[in-house]
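Visitor: Contents of target.tsv (TSV, C-alpha atoms and all ligand atoms) are given next:
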chain	number	residue	atom	x	y	z
A	1	MET	CA	-47.11	80.29	-73.14
A	2	GLU	CA	-48.32	78.54	-76.24
A	3	PRO	CA	-51.02	75.88	-75.88
A	4	GLY	CA	-49.78	72.32	-75.84
A	5	ARG	CA	-46.49	73.11	-74.17
A	6	PRO	CA	-45.88	71.89	-70.63
A	7	SER	CA	-45.17	74.72	-68.26
A	8	ALA	CA	-42.33	74.43	-65.78
A	9	SER	CA	-44.29	76.48	-63.29
A	10	ASN	CA	-47.29	74.12	-63.53
A	11	CYS	CA	-45.23	70.99	-63.04
A	12	GLN	CA	-43.71	71.35	-59.62
A	13	ASN	CA	-45.00	67.93	-58.61
A	14	ALA	CA	-44.06	66.17	-61.83
A	15	ALA	CA	-40.43	65.15	-62.01
A	16	MET	CA	-38.55	66.42	-65.02
A	17	PHE	CA	-36.41	63.66	-66.49
A	18	ARG	CA	-32.96	63.25	-68.00
A	19	LEU	CA	-32.72	60.01	-70.01
A	20	LEU	CA	-29.28	58.54	-70.77
A	21	ASN	CA	-28.04	55.73	-73.01
A	22	VAL	CA	-25.45	53.95	-70.85
A	23	GLU	CA	-23.75	51.40	-73.12
A	24	GLY	CA	-27.11	50.59	-74.72
A	25	GLN	CA	-29.11	50.60	-71.50
A	26	ALA	CA	-31.69	53.28	-70.70
A	27	ALA	CA	-30.92	55.12	-67.46
A	28	LEU	CA	-32.38	58.11	-65.67
A	29	GLU	CA	-30.05	60.72	-64.20
A	30	VAL	CA	-31.27	62.11	-60.88
A	31	ASP	CA	-29.08	64.42	-58.81
A	32	GLY	CA	-25.99	63.18	-60.62
A	33	ALA	CA	-26.66	59.47	-60.03
A	34	TRP	CA	-27.77	57.03	-62.74
A	35	TYR	CA	-30.63	54.53	-62.40
A	36	ALA	CA	-31.60	51.66	-64.71
A	37	VAL	CA	-35.03	52.42	-66.15
A	38	ASP	CA	-36.03	48.75	-66.52
A	39	ARG	CA	-35.43	48.08	-62.83
A	40	LEU	CA	-37.26	51.22	-61.71
A	41	GLY	CA	-40.22	50.33	-63.93
A	42	ASP	CA	-39.99	46.56	-63.31
A	43	ASP	CA	-40.20	45.98	-67.07
A	44	PRO	CA	-37.29	44.53	-69.06
A	45	ALA	CA	-38.53	46.26	-72.22
A	46	LEU	CA	-37.60	49.61	-70.67
A	47	SER	CA	-33.90	48.79	-70.83
A	48	ASP	CA	-34.04	49.75	-74.53
A	49	PRO	CA	-33.55	53.53	-74.85
A	50	MET	CA	-35.90	53.61	-77.85
A	51	GLN	CA	-38.65	51.95	-75.79
A	52	ALA	CA	-38.00	54.36	-72.95
A	53	ILE	CA	-38.37	57.31	-75.34
A	54	ALA	CA	-41.63	55.91	-76.75
A	55	ARG	CA	-42.90	55.61	-73.16
A	56	PHE	CA	-41.53	58.97	-72.05
A	57	ALA	CA	-44.66	59.84	-70.06
A	58	GLU	CA	-43.68	57.08	-67.60
A	59	LEU	CA	-40.21	58.57	-67.15
A	60	HIS	CA	-41.63	61.50	-65.20
A	61	GLU	CA	-43.15	59.10	-62.67
A	62	LEU	CA	-40.04	56.90	-62.46
A	63	THR	CA	-37.90	59.96	-61.81
A	64	ARG	CA	-40.29	61.04	-59.08
A	65	ILE	CA	-39.95	57.60	-57.44
A	66	VAL	CA	-36.20	58.16	-57.20
A	67	ALA	CA	-36.53	61.74	-55.98
A	68	ASP	CA	-39.05	60.75	-53.30
A	69	ALA	CA	-37.50	57.39	-52.40
A	70	ASP	CA	-37.06	58.16	-48.71
A	71	GLU	CA	-40.62	59.39	-48.25
A	72	GLU	CA	-42.33	56.50	-49.99
A	73	GLY	CA	-40.38	53.56	-48.68
A	74	ALA	CA	-39.08	52.78	-52.16
A	75	GLY	CA	-35.47	52.91	-51.02
A	76	ALA	CA	-34.65	49.26	-51.77
A	77	LEU	CA	-36.02	49.42	-55.31
A	78	VAL	CA	-34.17	52.64	-56.03
A	79	ALA	CA	-30.94	51.31	-54.53
A	80	SER	CA	-31.16	48.18	-56.69
A	81	ALA	CA	-31.63	50.30	-59.80
A	82	ARG	CA	-28.64	52.55	-59.15
A	83	LEU	CA	-25.73	52.06	-61.54
A	84	ASP	CA	-22.22	51.87	-60.08
A	85	HIS	CA	-20.19	53.89	-62.53
A	86	THR	CA	-21.22	57.34	-63.70
A	87	ASP	CA	-18.45	57.76	-66.28
A	88	VAL	CA	-19.60	59.94	-69.18
A	89	ARG	CA	-17.37	57.93	-71.53
A	90	ARG	CA	-19.92	55.10	-71.13
A	91	LEU	CA	-22.65	57.20	-72.76
A	92	GLY	CA	-23.82	56.27	-76.23
A	93	PRO	CA	-25.93	58.43	-78.52
A	94	ALA	CA	-28.89	59.66	-76.48
A	95	VAL	CA	-31.18	58.27	-79.21
A	96	PRO	CA	-29.36	55.23	-80.59
A	97	ASN	CA	-31.63	53.87	-83.30
A	98	PRO	CA	-34.26	56.28	-84.64
A	99	SER	CA	-36.22	55.42	-87.78
A	100	LYS	CA	-35.42	58.89	-89.13
A	101	VAL	CA	-32.82	61.58	-88.55
A	102	ILE	CA	-34.10	64.73	-90.23
A	103	ALA	CA	-31.93	67.83	-90.37
A	104	ILE	CA	-32.81	71.39	-91.29
A	105	GLY	CA	-30.56	73.66	-93.36
A	106	LEU	CA	-30.24	77.46	-93.22
A	107	ASN	CA	-32.45	77.94	-90.18
A	108	TYR	CA	-30.59	80.88	-88.62
A	109	ARG	CA	-30.13	84.21	-90.42
A	110	SER	CA	-26.50	84.37	-89.29
A	111	HIS	CA	-25.73	81.04	-90.96
A	112	ALA	CA	-27.62	81.90	-94.18
A	113	GLN	CA	-25.60	85.13	-94.41
A	114	GLU	CA	-22.21	83.47	-93.94
A	115	SER	CA	-23.23	80.87	-96.55
A	116	ASN	CA	-24.19	83.64	-99.01
A	117	LEU	CA	-27.61	82.08	-99.44
A	118	GLU	CA	-31.08	83.60	-99.28
A	119	LEU	CA	-33.43	82.81	-96.42
A	120	PRO	CA	-35.59	79.82	-97.37
A	121	PRO	CA	-39.36	80.39	-97.73
A	122	SER	CA	-40.05	77.09	-95.95
A	123	PRO	CA	-37.83	74.63	-94.02
A	124	ILE	CA	-35.06	72.99	-96.07
A	125	ALA	CA	-34.75	69.39	-94.94
A	126	PHE	CA	-32.22	66.65	-95.60
A	127	THR	CA	-31.38	63.40	-93.88
A	128	LYS	CA	-28.49	62.29	-91.76
A	129	PHE	CA	-28.58	58.51	-92.01
A	130	PRO	CA	-28.97	57.05	-88.49
A	131	SER	CA	-25.66	55.15	-88.65
A	132	CYS	CA	-23.88	58.51	-88.29
A	133	LEU	CA	-25.02	58.91	-84.68
A	134	ALA	CA	-22.35	58.90	-81.97
A	135	GLY	CA	-22.08	59.40	-78.23
A	136	PRO	CA	-21.33	62.62	-76.39
A	137	ARG	CA	-17.66	61.70	-75.83
A	138	ASP	CA	-17.02	59.65	-78.97
A	139	ASP	CA	-14.31	60.54	-81.47
A	140	ILE	CA	-15.19	62.20	-84.79
A	141	GLU	CA	-13.43	60.34	-87.58
A	142	LEU	CA	-12.43	62.98	-90.14
A	143	SER	CA	-13.24	62.00	-93.72
A	144	GLY	CA	-11.01	64.64	-95.30
A	145	ASP	CA	-9.60	68.14	-94.84
A	146	ARG	CA	-12.89	70.10	-95.15
A	147	VAL	CA	-14.85	68.70	-92.20
A	148	ASP	CA	-16.84	71.32	-90.28
A	149	TRP	CA	-18.74	71.79	-87.01
A	150	GLU	CA	-22.45	72.71	-86.60
A	151	VAL	CA	-23.92	72.85	-83.08
A	152	GLU	CA	-27.68	72.29	-83.03
A	153	LEU	CA	-30.68	71.76	-80.81
A	154	VAL	CA	-32.05	68.26	-81.49
A	155	VAL	CA	-35.73	67.45	-80.99
A	156	VAL	CA	-36.79	63.89	-80.07
A	157	ILE	CA	-40.31	62.87	-81.06
A	158	GLY	CA	-42.23	60.98	-78.35
A	159	ILE	CA	-45.72	60.70	-79.77
A	160	GLY	CA	-45.78	60.06	-83.48
A	161	GLY	CA	-48.28	61.30	-85.95
A	162	ARG	CA	-49.05	62.94	-89.24
A	163	ARG	CA	-50.34	66.47	-89.86
A	164	ILE	CA	-49.47	67.60	-86.35
A	165	GLU	CA	-50.62	71.18	-85.79
A	166	ALA	CA	-47.97	73.65	-84.69
A	167	ASP	CA	-49.85	74.56	-81.54
A	168	ARG	CA	-49.84	70.89	-80.48
A	169	ALA	CA	-46.29	70.15	-81.61
A	170	TRP	CA	-44.51	70.38	-78.25
A	171	SER	CA	-46.91	67.80	-76.79
A	172	HIS	CA	-45.54	65.30	-79.36
A	173	VAL	CA	-41.95	65.89	-78.24
A	174	ALA	CA	-40.43	63.45	-75.71
A	175	GLY	CA	-37.57	65.81	-75.02
A	176	VAL	CA	-34.64	67.63	-76.51
A	177	THR	CA	-30.95	66.94	-76.71
A	178	LEU	CA	-27.84	68.55	-78.17
A	179	GLY	CA	-26.17	67.56	-81.42
A	180	GLN	CA	-23.32	68.24	-83.80
A	181	ASP	CA	-24.24	68.07	-87.49
A	182	ILE	CA	-20.66	67.35	-88.56
A	183	SER	CA	-20.34	68.07	-92.27
A	184	ASP	CA	-17.76	67.25	-94.95
A	185	ARG	CA	-18.11	70.41	-97.08
A	186	ALA	CA	-16.21	68.91	-100.00
A	187	VAL	CA	-18.65	65.99	-100.24
A	188	GLN	CA	-21.68	68.12	-99.36
A	189	LEU	CA	-21.06	70.60	-102.16
A	190	ILE	CA	-20.06	68.25	-104.98
A	191	GLY	CA	-22.16	68.88	-108.05
A	192	SER	CA	-24.99	71.25	-108.83
A	193	PRO	CA	-27.41	71.06	-107.19
A	194	PRO	CA	-25.40	69.87	-104.19
A	195	GLN	CA	-26.45	66.87	-102.13
A	196	PHE	CA	-26.31	67.41	-98.40
A	197	SER	CA	-27.07	63.96	-97.03
A	198	LEU	CA	-23.89	62.03	-97.86
A	199	GLY	CA	-21.51	64.74	-96.67
A	200	LYS	CA	-23.33	64.76	-93.34
A	201	SER	CA	-23.70	61.00	-92.87
A	202	PHE	CA	-20.18	59.64	-92.43
A	203	ASP	CA	-20.02	57.35	-89.41
A	204	THR	CA	-19.45	59.44	-86.23
A	205	PHE	CA	-20.79	62.65	-87.88
A	206	GLY	CA	-23.80	62.86	-85.55
A	207	PRO	CA	-22.80	63.09	-81.89
A	208	ILE	CA	-25.95	63.60	-79.77
A	209	GLY	CA	-26.49	63.78	-76.03
A	210	PRO	CA	-25.60	63.70	-73.27
A	211	ALA	CA	-29.27	63.19	-72.28
A	212	VAL	CA	-32.78	63.46	-73.63
A	213	VAL	CA	-34.13	66.19	-71.38
A	214	SER	CA	-37.87	66.53	-70.78
A	215	VAL	CA	-39.43	69.67	-72.21
A	216	ASP	CA	-40.74	70.75	-68.82
A	217	SER	CA	-37.22	70.95	-67.41
A	218	LEU	CA	-36.40	73.92	-69.65
A	219	ASP	CA	-37.23	77.47	-68.60
A	220	ASP	CA	-38.36	78.23	-72.16
A	221	PRO	CA	-37.99	75.42	-74.74
A	222	ASP	CA	-38.19	78.00	-77.54
A	223	ASP	CA	-35.23	79.99	-76.18
A	224	ILE	CA	-32.30	77.65	-75.42
A	225	GLU	CA	-28.78	79.12	-75.37
A	226	LEU	CA	-26.15	77.03	-77.13
A	227	TRP	CA	-22.56	77.40	-78.27
A	228	CYS	CA	-19.64	75.52	-79.81
A	229	GLU	CA	-15.92	75.78	-79.12
A	230	VAL	CA	-13.03	74.18	-80.97
A	231	ASP	CA	-10.00	73.77	-78.70
A	232	ASP	CA	-11.51	76.33	-76.30
A	233	GLU	CA	-12.03	78.97	-78.99
A	234	ARG	CA	-15.65	80.10	-79.18
A	235	MET	CA	-16.93	79.58	-82.73
A	236	GLN	CA	-20.73	79.66	-82.46
A	237	HIS	CA	-23.04	81.18	-79.86
A	238	SER	CA	-26.77	81.71	-80.26
A	239	ARG	CA	-30.21	80.99	-78.89
A	240	THR	CA	-32.96	78.87	-80.40
A	241	SER	CA	-35.26	81.90	-80.23
A	242	ASP	CA	-33.23	83.02	-83.29
A	243	LEU	CA	-34.41	80.03	-85.34
A	244	ILE	CA	-36.17	81.13	-88.52
A	245	PHE	CA	-38.53	78.14	-88.25
A	246	GLY	CA	-39.02	77.18	-84.61
A	247	VAL	CA	-39.69	73.69	-83.29
A	248	PRO	CA	-43.51	73.89	-83.61
A	249	GLU	CA	-43.25	74.99	-87.24
A	250	LEU	CA	-40.69	72.28	-88.03
A	251	VAL	CA	-42.83	69.51	-86.53
A	252	ALA	CA	-45.90	70.78	-88.39
A	253	SER	CA	-44.07	71.20	-91.68
A	254	LEU	CA	-42.33	67.79	-91.60
A	255	SER	CA	-45.40	65.89	-90.41
A	256	ALA	CA	-47.43	67.43	-93.23
A	257	VAL	CA	-45.29	65.23	-95.49
A	258	MET	CA	-44.39	62.17	-93.45
A	259	THR	CA	-45.51	60.24	-90.41
A	260	LEU	CA	-43.22	61.10	-87.53
A	261	CYS	CA	-42.49	58.13	-85.26
A	262	PRO	CA	-41.52	57.90	-81.59
A	263	GLY	CA	-37.76	58.28	-81.39
A	264	ASP	CA	-37.37	60.21	-84.63
A	265	VAL	CA	-34.92	63.08	-84.22
A	266	ILE	CA	-34.80	66.50	-85.86
A	267	PHE	CA	-31.56	68.50	-86.02
A	268	THR	CA	-33.01	72.02	-86.06
A	269	GLY	CA	-30.23	73.89	-87.86
A	270	THR	CA	-27.02	75.67	-86.91
A	271	PRO	CA	-26.26	79.33	-86.18
A	272	GLY	CA	-23.47	81.32	-87.79
A	273	GLY	CA	-19.82	80.71	-87.03
A	274	VAL	CA	-19.14	77.46	-88.86
A	275	GLY	CA	-15.69	76.75	-90.28
A	276	MET	CA	-16.74	77.17	-93.92
A	277	GLY	CA	-17.45	80.85	-93.24
A	278	ARG	CA	-14.05	81.21	-91.54
A	279	GLY	CA	-11.98	79.26	-94.07
A	280	ARG	CA	-11.03	76.86	-91.31
A	281	PHE	CA	-11.77	73.17	-90.82
A	282	LEU	CA	-11.27	70.41	-88.28
A	283	ARG	CA	-7.90	68.70	-87.88
A	284	PRO	CA	-6.90	65.53	-86.02
A	285	GLY	CA	-6.46	66.38	-82.35
A	286	ASN	CA	-9.04	69.19	-82.31
A	287	VAL	CA	-11.71	68.85	-79.63
A	288	VAL	CA	-15.20	70.07	-80.54
A	289	SER	CA	-17.03	71.14	-77.37
A	290	SER	CA	-20.73	71.92	-77.54
A	291	VAL	CA	-23.00	73.19	-74.78
A	292	ALA	CA	-26.73	73.83	-74.50
A	293	VAL	CA	-27.93	75.42	-71.26
A	294	GLY	CA	-30.25	73.04	-69.44
A	295	ILE	CA	-29.26	70.07	-71.61
A	296	GLY	CA	-25.53	69.51	-71.16
A	297	GLU	CA	-22.27	69.16	-73.02
A	298	LEU	CA	-20.66	67.18	-75.83
A	299	ALA	CA	-16.87	66.89	-76.14
A	300	ASN	CA	-15.72	65.08	-79.28
A	301	ARG	CA	-12.11	64.66	-80.31
A	302	CYS	CA	-11.23	64.61	-83.99
A	303	VAL	CA	-9.15	61.71	-85.27
A	304	ALA	CA	-7.68	60.75	-88.62
A	305	PRO	CA	-9.59	58.11	-90.60
A	306	GLY	CA	-9.12	54.64	-89.13
B	401	ZN	ZN	-26.89	71.43	-89.74
Once more with this new file: its structure as structure tokens, please.

Guide:
Amino acid sequence: MEPGRPSASNCQNAAMFRLLNVEGQAALEVDGAWYAVDRLGDDPALSDPMQAIARFAELHELTRIVADADEEGAGALVASARLDHTDVRRLGPAVPNPSKVIAIGLNYRSHAQESNLELPPSPIAFTKFPSCLAGPRDDIELSGDRVDWEVELVVVIGIGGRRIEADRAWSHVAGVTLGQDISDRAVQLIGSPPQFSLGKSFDTFGPIGPAVVSVDSLDDPDDIELWCEVDDERMQHSRTSDLIFGVPELVASLSAVMTLCPGDVIFTGTPGGVGMGRGRFLRPGNVVSSVAVGIGELANRCVAPG
């Protein structure tokens, strides 16, 4: 156990949280039911998912109120906060409006090898502009015939800062979620040197969700299993313990340059198995399914440009 990281075994009394964006409204998922955060916290500001992320420490307590409702006589409050419809199609991007979406390239050996590129000496970062973010069931609007999948662990900053030390990095993280760094390889690789950011920033090219999951709900936040399937065919399968630069190093490296703000998200890189290495790309009608154990699932259908 590294210092600064919450331990699941030490937190039996703290309630781990799962934060959803239900049509723009922050909600906590507890035992499969959804609860409005603003009503649980009796604070209208908490209906904004970005506010809820910035106040993530309170989400542990609000989740515990729901879990213990019978014992503490809070049943009426909890009942009033419960949302009627738990339809995953109502979910928006788990982090809807971050100030920054930073993504990391070539952060798994298997992906560097299939890309015929050398391992980077330090993290390679680019931006996905925040307007690319999409919900866990939203369609991916294909921009051309060389659009590719990239399943990734996504880190959500909770406590901002600059020059954050690696051994304190996890304590700055509100939670983690799952993402697809959808990439138009034709646009990404135009020119020399190539520019990554535009090819990865088409609207709908950043599905994230389904929930922001508290770090203490994961058995080991540095070893999360994740995979990606296209139409039920397994394309990528790895664990975040295979990251070249792990989450603590990424937070330290990025915050050495820039101030990280609450709600900022970091796509941590994709493992091998992308379409570019297979000579195969997404087509209208394909469904990209992504799973991270302990976080949840994305299922995004590909559609022709609107
Ligand atoms: Zn990526």

Visitor: As a PDB file with C-alpha atoms, keeping the file's coordinate frame, please: the residues near Leu250 (chain A) (cut-off 10 Å, all atoms listed in the file, same-chain neighbours under 2 positions excluded).

Guide:
ATOM      1  CA  ILE A 104     -32.810  71.390 -91.290  1.00  0.00           C
ATOM      2  CA  SER A 122     -40.050  77.090 -95.950  1.00  0.00           C
ATOM      3  CA  PRO A 123     -37.830  74.630 -94.020  1.00  0.00           C
ATOM      4  CA  ILE A 124     -35.060  72.990 -96.070  1.00  0.00           C
ATOM      5  CA  ALA A 125     -34.750  69.390 -94.940  1.00  0.00           C
ATOM      6  CA  VAL A 155     -35.730  67.450 -80.990  1.00  0.00           C
ATOM      7  CA  ALA A 166     -47.970  73.650 -84.690  1.00  0.00           C
ATOM      8  CA  ALA A 169     -46.290  70.150 -81.610  1.00  0.00           C
ATOM      9  CA  ILE A 244     -36.170  81.130 -88.520  1.00  0.00           C
ATOM     10  CA  PHE A 245     -38.530  78.140 -88.250  1.00  0.00           C
ATOM     11  CA  GLY A 246     -39.020  77.180 -84.610  1.00  0.00           C
ATOM     12  CA  VAL A 247     -39.690  73.690 -83.290  1.00  0.00           C
ATOM     13  CA  PRO A 248     -43.510  73.890 -83.610  1.00  0.00           C
ATOM     14  CA  ALA A 252     -45.900  70.780 -88.390  1.00  0.00           C
ATOM     15  CA  SER A 253     -44.070  71.200 -91.680  1.00  0.00           C
ATOM     16  CA  LEU A 254     -42.330  67.790 -91.600  1.00  0.00           C
ATOM     17  CA  SER A 255     -45.400  65.890 -90.410  1.00  0.00           C
ATOM     18  CA  ALA A 256     -47.430  67.430 -93.230  1.00  0.00           C
ATOM     19  CA  ILE A 266     -34.800  66.500 -85.860  1.00  0.00           C
ATOM     20  CA  THR A 268     -33.010  72.020 -86.060  1.00  0.00           C
TER      21      THR A 268
END

Visitor: Could you list, as a PyMOL selection string, all residues that come within 7 Å of ligand ZN 401 (chain B)? Count all atoms listed in the file.

Guide: chain A and resi 103-105+150+152+181+267+269-270

Visitor: Between CA of Gln25 (chain A) and CA of Asp42 (chain A), what is the spacing in Å?

Guide: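 Computing the Euclidean distance for CA of Asp42 (chain A) and CA of Gln25 (chain A) yields 14.2 Å.
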
Visitor: Find the distance between CA of Gly179 (chain A) and CA of Ser192 (chain A) and write it in Å to one decimal.

Guide: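 Atom-to-atom, CA of Gly179 (chain A) to CA of Ser192 (chain A), that is 27.7 Å.
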
Visitor: Near Trp227 (chain A), counting all atoms listed in the file, which residues have an atom at most 12 Å away, once you skip same-chain residues fewer than 5 positions from it, shown as a VMD selection string?

Guide: chain A and resid 149 to 153 178 to 180 232 to 240 270 to 274 288 to 293 295 to 298

Visitor: At a cut-off of 7 Å, using all atoms listed in the file, what residues contact Glu114 (chain A)? Leave out same-chain residues fewer than 2 positions from it and give the result as a PyMOL selection string.

Guide: chain A and resi 110-112+116+272+277

Visitor: CA of Val95 (chain A) and CA of Arg64 (chain A) are how many Å apart?

Guide: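 Between CA of Val95 (chain A) and CA of Arg64 (chain A) the gap works out to 22.3 Å.
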
Visitor: Using only C-alpha atoms, which of A:Leu133, A:Leu20, A:Ile140, A:Ile224 sits nearest Thr86 (chain A)?

Guide: A:Leu20
